[in-house]
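Peer 1: Take a look at protein31.txt, compact mmCIF, C-alpha atoms:
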```
# COMPACT_ATOMS: atom_id res chain seq x y z
CA MET A 1 -106.98 -66.86 90.28
CA LYS A 2 -105.57 -69.90 92.05
CA PRO A 3 -103.43 -72.75 90.70
CA PRO A 4 -105.14 -75.84 89.28
CA ARG A 5 -104.73 -79.17 91.10
CA PHE A 6 -101.44 -81.01 90.76
CA ASP A 7 -99.41 -83.74 92.39
CA TYR A 8 -96.73 -82.20 94.55
CA HIS A 9 -93.27 -83.64 95.09
CA ALA A 10 -90.31 -82.14 96.93
CA PRO A 11 -87.38 -84.47 96.23
CA ARG A 12 -84.22 -84.20 98.34
CA SER A 13 -81.74 -85.02 95.58
CA VAL A 14 -81.20 -84.37 91.88
CA ASP A 15 -81.47 -88.13 91.17
CA GLN A 16 -84.88 -88.24 92.82
CA ALA A 17 -85.98 -85.15 90.90
CA VAL A 18 -84.95 -86.70 87.57
CA GLU A 19 -86.75 -89.96 88.47
CA LEU A 20 -89.92 -87.95 89.03
CA LEU A 21 -89.51 -86.11 85.73
CA VAL A 22 -89.13 -89.47 83.97
CA ARG A 23 -92.16 -90.89 85.79
CA TYR A 24 -94.42 -88.06 84.61
CA GLY A 25 -93.08 -88.26 81.07
CA GLY A 26 -93.10 -84.54 80.27
CA ASP A 27 -96.25 -83.74 82.24
CA ALA A 28 -94.40 -82.37 85.28
CA LYS A 29 -93.06 -78.85 85.79
CA ILE A 30 -89.96 -78.05 87.81
CA LEU A 31 -90.65 -75.46 90.52
CA ALA A 32 -87.52 -73.43 91.25
CA GLY A 33 -87.94 -69.88 92.62
CA GLY A 34 -91.48 -69.80 91.25
CA GLN A 35 -91.40 -66.15 90.20
CA SER A 36 -92.45 -67.03 86.63
CA LEU A 37 -94.07 -70.46 87.09
CA MET A 38 -96.35 -69.46 89.98
CA PRO A 39 -97.97 -66.59 88.02
CA MET A 40 -98.49 -68.99 85.10
CA LEU A 41 -100.14 -71.49 87.49
CA ASN A 42 -102.25 -68.77 89.13
CA PHE A 43 -103.46 -67.67 85.69
CA ARG A 44 -103.84 -71.34 84.67
CA LEU A 45 -101.70 -70.73 81.62
CA THR A 46 -100.10 -74.06 82.49
CA ARG A 47 -101.75 -77.11 84.02
CA PRO A 48 -99.05 -79.67 84.78
CA ALA A 49 -100.00 -83.04 86.29
CA ALA A 50 -97.24 -82.57 88.84
CA LEU A 51 -94.87 -80.04 90.32
CA VAL A 52 -91.36 -81.18 91.16
CA ASP A 53 -90.26 -78.62 93.75
CA VAL A 54 -86.46 -78.52 93.80
CA ASN A 55 -86.27 -76.03 96.69
CA ARG A 56 -85.57 -78.87 99.13
CA ILE A 57 -82.39 -79.98 97.36
CA PRO A 58 -79.64 -78.27 99.39
CA ALA A 59 -76.93 -79.57 97.03
CA LEU A 60 -78.25 -77.21 94.31
CA ALA A 61 -77.47 -73.95 96.15
CA TYR A 62 -73.82 -72.87 96.05
CA ILE A 63 -71.33 -70.45 94.51
CA ARG A 64 -67.92 -72.01 93.87
CA GLU A 65 -64.84 -70.48 92.37
CA GLU A 66 -62.72 -73.04 90.57
CA ASP A 67 -59.88 -72.53 88.04
CA GLY A 68 -61.06 -69.25 86.60
CA THR A 69 -64.68 -70.29 86.54
CA VAL A 70 -67.48 -69.43 88.93
CA ALA A 71 -70.00 -72.26 89.25
CA PHE A 72 -73.50 -71.60 90.56
CA GLY A 73 -75.85 -74.28 91.80
CA ALA A 74 -79.08 -73.85 89.83
CA MET A 75 -81.03 -72.96 92.98
CA THR A 76 -78.74 -70.13 94.01
CA ARG A 77 -81.07 -67.19 94.68
CA GLN A 78 -80.66 -63.97 92.72
CA ARG A 79 -80.50 -62.16 96.05
CA THR A 80 -77.56 -64.33 97.14
CA ILE A 81 -75.80 -63.47 93.88
CA GLU A 82 -76.52 -59.75 94.34
CA PHE A 83 -74.71 -59.71 97.70
CA SER A 84 -72.02 -62.34 97.01
CA PRO A 85 -68.43 -61.08 97.47
CA VAL A 86 -67.23 -63.71 94.98
CA VAL A 87 -69.63 -62.37 92.35
CA ALA A 88 -68.67 -58.77 93.14
CA ARG A 89 -65.01 -59.64 92.63
CA ARG A 90 -65.12 -62.11 89.74
CA LEU A 91 -68.36 -61.34 87.90
CA PRO A 92 -69.32 -57.71 88.50
CA LEU A 93 -71.32 -57.75 85.24
CA LEU A 94 -73.56 -60.45 86.73
CA GLN A 95 -73.93 -58.45 89.92
CA GLU A 96 -74.96 -55.34 88.02
CA ALA A 97 -77.41 -57.31 85.86
CA THR A 98 -78.94 -58.87 88.96
CA ARG A 99 -80.14 -55.48 90.20
CA TRP A 100 -82.31 -55.31 87.07
CA VAL A 101 -84.06 -58.60 87.81
CA GLY A 102 -87.57 -57.69 89.01
CA HIS A 103 -87.34 -56.24 92.50
CA LEU A 104 -85.58 -57.31 95.70
CA PRO A 105 -88.61 -59.34 96.94
CA ILE A 106 -88.60 -61.19 93.60
CA ARG A 107 -84.84 -61.79 93.85
CA SER A 108 -85.29 -63.26 97.36
CA ARG A 109 -86.90 -66.28 95.69
CA GLY A 110 -85.83 -66.21 92.03
CA THR A 111 -82.91 -68.41 91.05
CA ILE A 112 -80.17 -68.31 88.42
CA GLY A 113 -81.09 -71.76 87.10
CA GLY A 114 -84.79 -70.96 86.97
CA SER A 115 -84.24 -67.70 85.12
CA ILE A 116 -82.05 -69.35 82.50
CA ALA A 117 -84.22 -72.45 82.07
CA HIS A 118 -87.31 -70.24 81.70
CA ALA A 119 -85.53 -68.64 78.71
CA ASP A 120 -87.45 -65.39 78.61
CA PRO A 121 -85.47 -63.45 75.98
CA SER A 122 -86.01 -60.18 77.84
CA ALA A 123 -84.42 -61.60 81.01
CA GLU A 124 -81.02 -60.48 82.25
CA TYR A 125 -79.29 -63.77 83.09
CA PRO A 126 -79.65 -65.37 79.65
CA ALA A 127 -77.99 -62.25 78.18
CA VAL A 128 -75.11 -62.39 80.68
CA LEU A 129 -74.65 -66.12 80.03
CA THR A 130 -74.49 -65.32 76.31
CA ALA A 131 -72.15 -62.35 76.66
CA LEU A 132 -69.67 -64.15 78.91
CA GLN A 133 -69.97 -67.40 76.94
CA GLY A 134 -70.77 -69.46 80.00
CA GLU A 135 -72.37 -72.87 79.97
CA VAL A 136 -75.00 -74.85 81.82
CA VAL A 137 -74.88 -78.40 83.12
CA VAL A 138 -78.06 -80.44 82.85
CA GLN A 139 -78.84 -83.85 84.28
CA GLY A 140 -81.32 -86.37 82.92
CA PRO A 141 -81.84 -90.13 82.97
CA ARG A 142 -79.02 -90.52 80.42
CA GLY A 143 -76.55 -88.64 82.60
CA ARG A 144 -75.13 -85.14 82.40
CA ARG A 145 -74.38 -82.86 79.49
CA THR A 146 -73.02 -79.38 79.16
CA LEU A 147 -74.57 -76.80 76.86
CA GLU A 148 -73.36 -73.48 75.53
CA PRO A 149 -75.91 -70.68 75.26
CA ALA A 150 -76.28 -71.02 71.49
CA ALA A 151 -77.17 -74.70 71.96
CA LEU A 152 -79.47 -73.98 74.90
CA PHE A 153 -81.79 -71.15 73.85
CA GLU A 154 -84.08 -72.18 70.97
CA THR A 155 -86.81 -69.56 70.93
CA TYR A 156 -89.17 -67.67 73.25
CA LEU A 157 -89.42 -69.54 76.59
CA THR A 158 -87.94 -72.64 74.96
CA THR A 159 -84.64 -74.40 75.58
CA SER A 160 -83.14 -77.60 74.20
CA LEU A 161 -83.60 -79.33 77.57
CA ALA A 162 -85.61 -82.54 77.36
CA PRO A 163 -88.68 -82.69 79.65
CA ASP A 164 -86.84 -85.15 81.89
CA GLU A 165 -83.70 -83.03 82.22
CA LEU A 166 -82.96 -80.66 85.09
CA LEU A 167 -80.60 -77.68 84.83
CA ILE A 168 -78.27 -78.20 87.80
CA GLU A 169 -75.37 -75.77 87.36
CA VAL A 170 -74.49 -72.51 85.62
CA ARG A 171 -70.80 -71.90 84.88
CA LEU A 172 -69.44 -68.47 84.02
CA PRO A 173 -65.80 -67.70 83.23
CA ALA A 174 -64.47 -65.20 85.77
CA MET A 175 -63.94 -61.76 84.24
CA ALA A 176 -60.35 -60.58 83.81
CA ALA A 177 -59.16 -58.27 86.58
CA GLY A 178 -59.74 -54.69 85.42
CA ALA A 179 -62.26 -55.65 82.75
CA GLY A 180 -64.80 -52.93 82.00
CA PHE A 181 -68.44 -53.91 82.09
CA ALA A 182 -71.98 -52.55 82.05
CA PHE A 183 -75.51 -53.86 81.92
CA GLU A 184 -78.01 -51.45 80.39
CA GLU A 185 -81.69 -51.99 80.01
CA PHE A 186 -84.82 -50.03 79.22
CA ALA A 187 -88.29 -50.71 80.59
CA ARG A 188 -91.12 -48.24 81.08
CA ARG A 189 -91.14 -48.87 84.85
CA HIS A 190 -88.31 -50.17 87.00
CA GLY A 191 -88.60 -53.91 87.40
CA ASP A 192 -90.75 -54.48 84.33
CA PHE A 193 -89.68 -56.79 81.53
CA ALA A 194 -87.00 -55.13 79.43
CA LEU A 195 -87.97 -53.75 76.05
CA ALA A 196 -84.28 -54.12 75.26
CA GLY A 197 -81.10 -54.68 77.20
CA ILE A 198 -77.36 -55.03 76.63
CA ALA A 199 -74.66 -56.89 78.54
CA ALA A 200 -71.18 -55.59 77.76
CA MET A 201 -67.67 -56.48 78.82
CA ILE A 202 -64.37 -55.23 77.46
CA VAL A 203 -60.73 -55.82 78.25
CA ARG A 204 -58.48 -52.95 77.24
CA ASP A 205 -54.77 -52.60 76.75
CA GLY A 206 -54.21 -48.85 76.49
CA ALA A 207 -56.31 -47.64 73.58
CA ARG A 208 -56.64 -51.20 72.23
CA CYS A 209 -59.50 -53.52 73.01
CA THR A 210 -58.20 -57.07 73.39
CA THR A 211 -61.58 -58.63 74.14
CA ALA A 212 -65.12 -57.35 73.63
CA ARG A 213 -68.26 -59.19 74.64
CA LEU A 214 -71.74 -57.95 73.80
CA ALA A 215 -75.11 -59.66 74.05
CA SER A 216 -78.61 -58.30 73.67
CA ALA A 217 -81.75 -59.04 75.65
CA GLY A 218 -85.34 -58.44 74.62
CA ALA A 219 -84.61 -57.89 70.95
CA GLY A 220 -85.69 -61.17 69.42
CA PRO A 221 -86.65 -64.70 70.45
CA VAL A 222 -83.29 -65.53 72.09
CA PRO A 223 -80.43 -63.50 73.54
CA VAL A 224 -78.01 -62.64 70.73
CA ARG A 225 -74.23 -62.52 70.91
CA LEU A 226 -73.27 -59.46 68.86
CA ARG A 227 -70.02 -60.86 67.47
CA ALA A 228 -69.69 -58.52 64.48
CA ALA A 229 -70.04 -55.51 66.79
CA GLU A 230 -67.43 -56.98 69.14
CA GLU A 231 -65.05 -57.31 66.17
CA ILE A 232 -65.31 -53.60 65.38
CA LEU A 233 -64.04 -52.77 68.87
CA GLU A 234 -61.32 -55.42 68.80
CA ARG A 235 -60.13 -54.00 65.45
CA ASP A 236 -60.69 -50.25 65.85
CA GLY A 237 -60.29 -49.70 69.59
CA LEU A 238 -62.50 -47.95 72.11
CA GLY A 239 -62.81 -44.39 70.79
CA ALA A 240 -66.10 -42.61 70.23
CA ALA A 241 -66.22 -43.48 66.51
CA ALA A 242 -65.61 -47.20 67.16
CA ILE A 243 -68.29 -47.26 69.85
CA ALA A 244 -70.78 -45.54 67.54
CA ALA A 245 -69.96 -48.01 64.76
CA ALA A 246 -70.28 -51.01 67.09
CA ALA A 247 -73.63 -49.72 68.39
CA ALA A 248 -74.94 -49.22 64.85
CA ARG A 249 -73.78 -52.74 63.93
CA ALA A 250 -75.45 -54.15 67.07
CA ALA A 251 -78.78 -52.73 65.95
CA GLU A 252 -78.38 -54.52 62.59
CA LEU A 253 -77.56 -57.84 64.25
CA VAL A 254 -80.72 -58.18 66.32
CA ASP A 255 -84.01 -59.39 64.93
CA PRO A 256 -86.71 -58.01 67.23
CA ASP A 257 -90.44 -58.58 66.93
CA SER A 258 -93.15 -55.98 67.38
CA ASP A 259 -95.64 -56.45 70.15
CA VAL A 260 -98.03 -54.39 72.27
CA HIS A 261 -95.10 -53.02 74.30
CA ALA A 262 -92.82 -51.81 71.52
CA SER A 263 -92.32 -51.98 67.78
CA ALA A 264 -89.42 -53.86 66.24
CA ASP A 265 -87.97 -50.54 65.03
CA TYR A 266 -88.09 -49.09 68.52
CA ARG A 267 -86.36 -52.16 69.98
CA ARG A 268 -83.68 -51.87 67.31
CA HIS A 269 -83.25 -48.20 68.16
CA LEU A 270 -82.97 -49.04 71.86
CA THR A 271 -80.38 -51.70 71.10
CA ARG A 272 -78.19 -49.11 69.39
CA VAL A 273 -78.60 -46.51 72.14
CA LEU A 274 -78.09 -48.99 74.99
CA THR A 275 -75.04 -50.56 73.31
CA ALA A 276 -73.38 -47.14 73.06
CA ARG A 277 -74.24 -46.32 76.68
CA ALA A 278 -73.04 -49.68 77.95
CA LEU A 279 -69.77 -49.43 76.04
CA LYS A 280 -69.07 -45.90 77.29
CA ARG A 281 -69.57 -46.97 80.88
CA ALA A 282 -67.53 -50.14 80.34
CA VAL A 283 -64.63 -48.16 78.86
CA ASP A 284 -64.70 -45.71 81.79
CA ARG A 285 -64.52 -48.59 84.23
CA ALA A 286 -61.81 -50.59 82.46
CA ARG A 287 -58.29 -50.47 83.83
CA MET B 1 -103.68 -85.86 93.12
CA THR B 2 -101.66 -85.33 96.27
CA GLU B 3 -103.78 -85.39 99.43
CA ALA B 4 -103.66 -82.59 101.97
CA VAL B 5 -100.19 -81.82 103.27
CA ALA B 6 -99.13 -80.78 106.75
CA VAL B 7 -97.60 -77.33 107.10
CA SER B 8 -95.75 -76.33 110.25
CA LEU B 9 -94.10 -72.94 110.44
CA THR B 10 -93.30 -70.04 112.74
CA VAL B 11 -95.36 -66.91 112.18
CA ASN B 12 -94.49 -63.75 114.09
CA GLY B 13 -92.60 -65.83 116.64
CA ALA B 14 -95.40 -68.32 117.30
CA ARG B 15 -95.45 -71.93 116.12
CA ARG B 16 -98.43 -72.53 113.79
CA GLU B 17 -99.64 -75.71 112.10
CA GLY B 18 -102.20 -76.57 109.51
CA ARG B 19 -103.20 -78.92 106.70
CA CYS B 20 -104.02 -77.81 103.21
CA ALA B 21 -104.04 -78.83 99.58
CA PRO B 22 -100.60 -78.53 97.96
CA ARG B 23 -101.95 -75.94 95.53
CA LYS B 24 -102.89 -73.55 98.32
CA LEU B 25 -100.96 -70.29 98.08
CA LEU B 26 -99.07 -69.16 101.16
CA VAL B 27 -101.03 -65.90 101.29
CA ASP B 28 -104.33 -67.79 101.33
CA PHE B 29 -103.01 -70.15 104.01
CA LEU B 30 -102.07 -67.17 106.19
CA ARG B 31 -105.45 -65.53 105.71
CA GLU B 32 -107.86 -68.46 105.60
CA ASP B 33 -106.20 -71.14 107.71
CA LEU B 34 -104.34 -68.98 110.24
CA GLY B 35 -106.77 -66.04 110.30
CA LEU B 36 -104.01 -63.51 109.61
CA THR B 37 -105.87 -61.25 107.22
CA GLY B 38 -103.42 -58.35 107.45
CA THR B 39 -101.53 -59.71 104.44
CA HIS B 40 -103.52 -58.63 101.42
CA VAL B 41 -104.16 -60.45 98.16
CA GLY B 42 -103.79 -58.18 95.18
CA CYS B 43 -102.79 -59.25 91.70
CA GLU B 44 -101.76 -62.86 92.43
CA HIS B 45 -98.91 -62.70 89.97
CA GLY B 46 -96.16 -60.94 91.85
CA ILE B 47 -96.57 -57.47 90.37
CA CYS B 48 -98.48 -55.44 92.98
CA GLY B 49 -96.55 -56.45 96.10
CA ALA B 50 -99.54 -56.18 98.47
CA CYS B 51 -98.91 -59.73 99.75
CA THR B 52 -95.20 -59.16 100.54
CA ILE B 53 -94.09 -60.77 103.80
CA LEU B 54 -90.71 -61.67 105.30
CA ILE B 55 -89.68 -65.30 104.80
CA ASP B 56 -86.65 -66.18 106.90
CA GLY B 57 -86.03 -62.45 107.18
CA GLU B 58 -86.26 -61.62 103.47
CA ALA B 59 -89.14 -59.88 101.71
CA ALA B 60 -90.94 -62.13 99.25
CA ARG B 61 -94.32 -62.46 97.55
CA SER B 62 -96.64 -64.78 99.45
CA CYS B 63 -98.82 -65.17 96.34
CA LEU B 64 -95.90 -66.75 94.48
CA MET B 65 -95.24 -69.47 97.06
CA LEU B 66 -97.22 -72.51 97.99
CA ALA B 67 -98.06 -72.89 101.67
CA VAL B 68 -96.33 -76.28 101.65
CA GLN B 69 -93.09 -74.57 100.56
CA ALA B 70 -93.11 -72.53 103.77
CA ASP B 71 -93.05 -75.67 105.93
CA GLY B 72 -90.27 -75.06 108.48
CA ALA B 73 -89.91 -71.38 107.59
CA GLU B 74 -89.96 -68.36 109.84
CA ILE B 75 -92.41 -65.74 108.66
CA THR B 76 -93.12 -62.16 109.62
CA THR B 77 -96.41 -60.60 108.58
CA ILE B 78 -97.82 -57.15 109.26
CA GLU B 79 -99.38 -58.50 112.46
CA GLY B 80 -95.87 -59.12 113.80
CA LEU B 81 -94.56 -55.55 113.54
CA MET B 82 -96.25 -54.14 116.63
CA GLN B 83 -94.42 -55.05 119.85
CA ASP B 84 -95.91 -54.81 123.36
CA GLY B 85 -98.77 -52.67 122.13
CA LYS B 86 -96.42 -50.20 120.48
CA LEU B 87 -96.28 -49.50 116.77
CA HIS B 88 -93.03 -50.32 115.00
CA PRO B 89 -90.99 -47.15 114.25
CA LEU B 90 -91.70 -47.68 110.56
CA GLN B 91 -95.44 -47.77 111.28
CA GLU B 92 -95.07 -44.60 113.37
CA ALA B 93 -93.33 -42.93 110.45
CA PHE B 94 -96.10 -43.96 108.03
CA ARG B 95 -98.64 -42.42 110.40
CA ASP B 96 -96.64 -39.22 110.92
CA HIS B 97 -95.86 -38.69 107.22
CA HIS B 98 -99.22 -39.59 105.73
CA GLY B 99 -97.79 -42.80 104.29
CA LEU B 100 -101.15 -44.45 103.77
CA GLN B 101 -104.50 -43.59 102.31
CA CYS B 102 -106.80 -46.56 101.66
CA GLY B 103 -104.30 -48.90 103.33
CA PHE B 104 -104.53 -51.78 100.88
CA CYS B 105 -100.86 -51.70 99.85
CA THR B 106 -99.64 -50.71 103.31
CA PRO B 107 -98.73 -54.17 104.69
CA GLY B 108 -96.67 -54.90 101.57
CA MET B 109 -95.13 -51.42 101.64
CA LEU B 110 -94.09 -51.81 105.28
CA LEU B 111 -92.49 -55.23 104.92
CA THR B 112 -90.79 -54.26 101.67
CA ALA B 113 -89.46 -51.08 103.31
CA LEU B 114 -88.28 -53.03 106.36
CA ASP B 115 -86.24 -55.36 104.15
CA LEU B 116 -84.95 -52.40 102.13
CA LEU B 117 -83.75 -50.63 105.28
CA ARG B 118 -82.00 -53.78 106.51
CA VAL B 119 -80.12 -54.13 103.22
CA ASN B 120 -79.50 -50.39 102.92
CA PRO B 121 -79.86 -48.63 106.31
CA ASP B 122 -79.13 -45.17 104.88
CA PRO B 123 -80.91 -44.99 101.53
CA SER B 124 -81.09 -41.94 99.28
CA GLU B 125 -84.47 -40.85 98.03
CA ALA B 126 -83.68 -42.57 94.71
CA ASP B 127 -82.82 -45.80 96.56
CA VAL B 128 -86.14 -45.68 98.41
CA ARG B 129 -88.08 -44.99 95.23
CA GLU B 130 -86.36 -47.85 93.43
CA GLY B 131 -86.86 -50.22 96.38
CA LEU B 132 -90.51 -49.32 96.80
CA SER B 133 -91.18 -49.71 93.08
CA ALA B 134 -91.69 -53.34 94.15
CA VAL B 135 -95.10 -52.35 95.53
CA LEU B 136 -97.92 -50.52 93.78
CA CYS B 137 -100.06 -47.92 95.59
CA ARG B 138 -103.24 -47.28 93.61
CA CYS B 139 -104.01 -44.18 95.67
CA THR B 140 -100.67 -43.03 94.20
CA GLY B 141 -99.63 -41.71 97.59
CA TYR B 142 -95.99 -42.47 96.96
CA HIS B 143 -94.67 -39.12 98.14
CA GLY B 144 -95.79 -39.67 101.73
CA ILE B 145 -94.60 -43.27 101.66
CA VAL B 146 -91.11 -42.26 100.51
CA LYS B 147 -90.98 -39.55 103.17
CA ALA B 148 -92.04 -42.03 105.84
CA VAL B 149 -89.38 -44.56 104.90
CA ARG B 150 -86.67 -41.92 104.81
CA ALA B 151 -87.80 -40.61 108.20
CA ALA B 152 -87.77 -44.12 109.70
CA ALA B 153 -84.25 -44.91 108.49
CA PRO B 154 -82.29 -42.97 111.16
CA VAL B 155 -84.63 -44.25 113.88
CA LEU B 156 -83.97 -47.85 112.83
CA ARG B 157 -80.24 -47.20 112.47
CA GLY B 158 -80.27 -45.90 116.05
CA GLY B 159 -81.36 -49.39 117.10
CA SER B 160 -84.56 -50.08 118.91
```
Just give me the structure of the file as structure tokens.

Peer 2:
Amino acid sequence: MKPPRFDYHAPRSVDQAVELLVRYGGDAKILAGGQSLMPMLNFRLTRPAALVDVNRIPALAYIREEDGTVAFGAMTRQRTIEFSPVVARRLPLLQEATRWVGHLPIRSRGTIGGSIAHADPSAEYPAVLTALQGEVVVQGPRGRRTLEPAALFETYLTTSLAPDELLIEVRLPAMAAGAGFAFEEFARRHGDFALAGIAAMIVRDGARCTTARLASAGAGPVPVRLRAAEEILERDGLGAAAIAAAAARAAELVDPDSDVHASADYRRHLTRVLTARALKRAVDRAR
Amino acid sequence: MTEAVAVSLTVNGARREGRCAPRKLLVDFLREDLGLTGTHVGCEHGICGACTILIDGEAARSCLMLAVQADGAEITTIEGLMQDGKLHPLQEAFRDHHGLQCGFCTPGMLLTALDLLRVNPDPSEADVREGLSAVLCRCTGYHGIVKAVRAAAPVLRGGS
């Protein structure tokens, strides 16, 4: 099918974009990379009065390293992230997760801000944002505010952003040098939506684990930080028994739903298996 | 509703202009307004990859972009691969290795493979299979397609 009619605007600045969002009072959709919104328009699952296309705002596309944080303009393409030397050096977990986002032709257009604002729980970037405890900056008519993942993701495809707010920046703390990491995901075909996924990062000091970060994707309405599983590793270290215990705990911490693609039990099972796999790879990589 | 918008872009090296409704998809603009019917419309939701073209040198789905978004862009479609009456080496390889059957997915396969080989000029078979998983072939002739892409890689690395 083809998209329904809409007013089309391509503002040149964030201020102009926010003005347009205010003008349409919740009846406008923001068009970022379009890899989720365009299918919804083509299927007429959404019929907004207007599209606010933010692709013509050059100030929204950048990767900046500042004081231990890497800041991404919301319109930074996934493809740019995949091949960014800064990301490879500071956020290798994000780079690895990016390769799971659709396919290269999808990543040519898809953006970090769009993926996070779309809030598909099976998506990779919301899980990485949750695992690394990053934050997003949003701008609306009342100014800017910064949100942590727990305050951002509300449920399936739903964030706490007001209809007149635009996600403008994603901030991720740079990973410690030598941190181990892995992104694991299972889908029936490469590039499909994940049935379950795990983002993992660990910092080790000999046999000790000084920091563990785990977040799940696809197993419930929002990405879940698996804090109690992280605590097992930080207490008991990185041996096989601790990894098995953390993986078992991870499966208890998620609250997946059943759907046509997989049962809740199967998603829980995948969460355990993928957590163990991710942790083993992360430990092997850690220095 | 927004009136018709002007779209001016470069397609296969030639400057092209048109006017269309803002809701017109880029793939439909290429086919209906510019007469370039080599780019095929498949699923219209970014899954099948038949409509894949190069936008500013990068493979992307032309069914997931509005024509108006391509204003100012440089686009390569399947019609742009042949040069001076000669098939592109990738097209030669598809012919030599039985890389097409019905041909519906072929334009998307070729442009996806071209982008893949630019990013990774010496791909393993697994790399090719992963890269080409972006395009669906309903004849299921993947084996010949993978062989063709692997055969074209050294030719393209050699520079032509």

Peer 1: Produce the centre coordinates and the three edge lengths, each in Å to one decimal, of the box along x, y and z that contains all listed atoms of region 16-21 of chain B with 8 Å added on each side, as AutoDock Vina command-line options.

Peer 2:
```
--center_x -101.2 --center_y -75.7 --center_z 106.7 --size_x 21.6 --size_y 22.4 --size_z 30.2
```

Peer 1: Might you pull out every residue within 10 Å of region 56-62 of chain A, with all atoms listed in the file counted and same-chain residues fewer than 4 positions away left off, and present them as a list in words?

Peer 2: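 Listed by chain and then number, they are His9, Ala10, Pro11, Arg12, Ser13, Val14, Gln16, Ala17, Ala32, Ala71, Phe72, Gly73, Ala74, Met75, Thr76, Arg77, Thr80, Ile81, Thr111, Ile112, Gly113, Leu167, Ile168 and Glu169 of chain A; Gln69 of chain B.
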
Peer 1: I'd like a table as a tab-separated table: residues in region 87-201 of chain A with an atom no more than 9 Å from region 215-239 of chain A, each row giving the shortest atom pair and its distance in Å to one decimal, only C-alpha atoms counted, sorted by chain and rising residue number.

Peer 2:
```
residue	atom	partner	partner_atom	distance
A:Ala119	CA	A:Val222	CA	7.6
A:Asp120	CA	A:Val222	CA	7.7
A:Pro121	CA	A:Val222	CA	4.9
A:Ser122	CA	A:Gly218	CA	3.7
A:Ala123	CA	A:Ala217	CA	6.5
A:Glu124	CA	A:Ala217	CA	6.8
A:Pro126	CA	A:Pro223	CA	6.4
A:Ala127	CA	A:Pro223	CA	5.4
A:Val128	CA	A:Ala215	CA	7.2
A:Leu129	CA	A:Ala215	CA	8.8
A:Thr130	CA	A:Arg225	CA	6.1
A:Ala131	CA	A:Ala215	CA	4.8
A:Leu132	CA	A:Ala215	CA	8.6
A:Gln133	CA	A:Arg225	CA	8.9
A:Pro149	CA	A:Pro223	CA	8.7
A:Ala150	CA	A:Val224	CA	8.6
A:Phe153	CA	A:Val222	CA	6.1
A:Glu154	CA	A:Val222	CA	6.8
A:Thr155	CA	A:Pro221	CA	4.9
A:Tyr156	CA	A:Pro221	CA	4.8
A:Leu157	CA	A:Pro221	CA	8.3
A:Thr158	CA	A:Val222	CA	9.0
A:Glu185	CA	A:Ala217	CA	8.3
A:Phe193	CA	A:Gly218	CA	8.3
A:Ala194	CA	A:Gly218	CA	6.1
A:Leu195	CA	A:Gly218	CA	5.6
A:Ala196	CA	A:Gly218	CA	4.5
A:Gly197	CA	A:Ala217	CA	4.7
A:Ile198	CA	A:Ser216	CA	4.6
A:Ala199	CA	A:Ala215	CA	5.3
A:Ala200	CA	A:Ala215	CA	6.8
```

Peer 1: Using only C-alpha atoms and a distance of at most 12 Å, pull out the residues of chain A that contact chain B, as a ChimeraX atom specification.

Peer 2: /A:1-10,31-45,47-56,77,79-80,82-83,99-110,189-193

Peer 1: What is the CA of Glu96 (chain A) to CA of Ala50 (chain B) distance in Å?

Peer 2: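 For CA of Glu96 (chain A) relative to CA of Ala50 (chain B), the distance reads 26.7 Å.
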